[in-house]
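Report on the structure given below.
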Amino acid sequence: MVRLGQRIRIRYMNEGQIIHPMHLHGLPGLVIAKDGHRLPQPYTADTVNVAPGERYDIVVGANQPGVWALHCHILSHAESAAGMHGMVTAVIVQK
């Protein structure tokens, strides 16, 4: 949970053996670091492909109230016939 107007830092870490395209709905992220090193040219990304062993730091401005899904874009990693599970959570932006 975060208040409207705050900024949050998200760290994607892939300790597995396949790539995970991570995506946050509704709130664009600024990629500021890779593998613990600040990027000389941060960039905005809708989806970040996190390969095995990689880490990315993203800064997100909570400028839209709502409940925003944060998940792997390989859908079998985030949902099944039984509903949402696995690599999925939500960022809740409150007024």
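Letters A, B, ... go to the chains of the structure tokens in the order shown; residues in each chain start at 1; ligands are counted from 1 in the same order.
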
Discussion item. DSSP on the backbone, strand (DSSP E or B) only: what residues of chain A does that give? Format it as an MDAnalysis selection string.
Written reply: chainID A and resid 2:3 7:13 20:24 29:34 37:45 47:50 55:61 66:72 79:80 83:84 88:94

For range 15-30 of chain A, find every residue with an atom within 6 Å (counting only C-alpha atoms), except residues of its own chain fewer than 2 positions away, and show them as a PDB file with C-alpha atoms, in the first residue's frame.
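After the write, result.pdb holds the following:
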```pdb
ATOM      1  CA  TYR A  43      14.727   4.662 -18.776  1.00  0.00           C
ATOM      2  CA  THR A  44      10.975   4.249 -18.497  1.00  0.00           C
ATOM      3  CA  ALA A  45       9.658   0.727 -19.052  1.00  0.00           C
ATOM      4  CA  ASP A  46       6.220  -0.825 -19.080  1.00  0.00           C
ATOM      5  CA  THR A  47       7.608  -4.374 -18.901  1.00  0.00           C
ATOM      6  CA  VAL A  48      11.092  -5.374 -17.734  1.00  0.00           C
ATOM      7  CA  ASN A  49      12.541  -8.669 -18.998  1.00  0.00           C
ATOM      8  CA  VAL A  50      14.452 -10.118 -16.059  1.00  0.00           C
ATOM      9  CA  ALA A  51      16.799 -12.903 -17.179  1.00  0.00           C
ATOM     10  CA  PRO A  52      18.158 -15.580 -14.814  1.00  0.00           C
ATOM     11  CA  GLY A  53      20.476 -14.017 -12.252  1.00  0.00           C
ATOM     12  CA  ILE A  58      12.471   0.422 -10.592  1.00  0.00           C
ATOM     13  CA  VAL A  59      11.076   3.678  -9.166  1.00  0.00           C
ATOM     14  CA  VAL A  60       7.332   4.130  -9.526  1.00  0.00           C
ATOM     15  CA  TRP A  68      -2.670  -2.145  -9.832  1.00  0.00           C
ATOM     16  CA  ALA A  69      -1.601  -5.686 -10.709  1.00  0.00           C
ATOM     17  CA  LEU A  70       2.126  -6.459 -10.626  1.00  0.00           C
ATOM     18  CA  HIS A  71       2.917  -9.778 -12.287  1.00  0.00           C
ATOM     19  CA  CYS A  72       5.010 -11.884 -14.618  1.00  0.00           C
ATOM     20  CA  HIS A  73       3.690 -11.619 -18.174  1.00  0.00           C
TER      21      HIS A  73
END
```

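The two atoms in question, CA of Gly61 in chain A and CA of Gln6 in chain A, are spaced 6.2 Å apart.
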
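What separates CA of Glu54 in chain A from CA of Lys34 in chain A is a distance of 7.3 Å.
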
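Checking A:Ile32, A:Met1, A:Tyr56, A:His37 one by one against Asn14 in chain A, counting only C-alpha atoms, you find the shortest gap at A:Tyr56.
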
Worksheet, complete the sentence: Using only C-alpha atoms, the residue out of A:Val88, A:Ile10, A:Ile74, A:Ala81 with shortest distance to Arg55 in chain A is A:Ile10
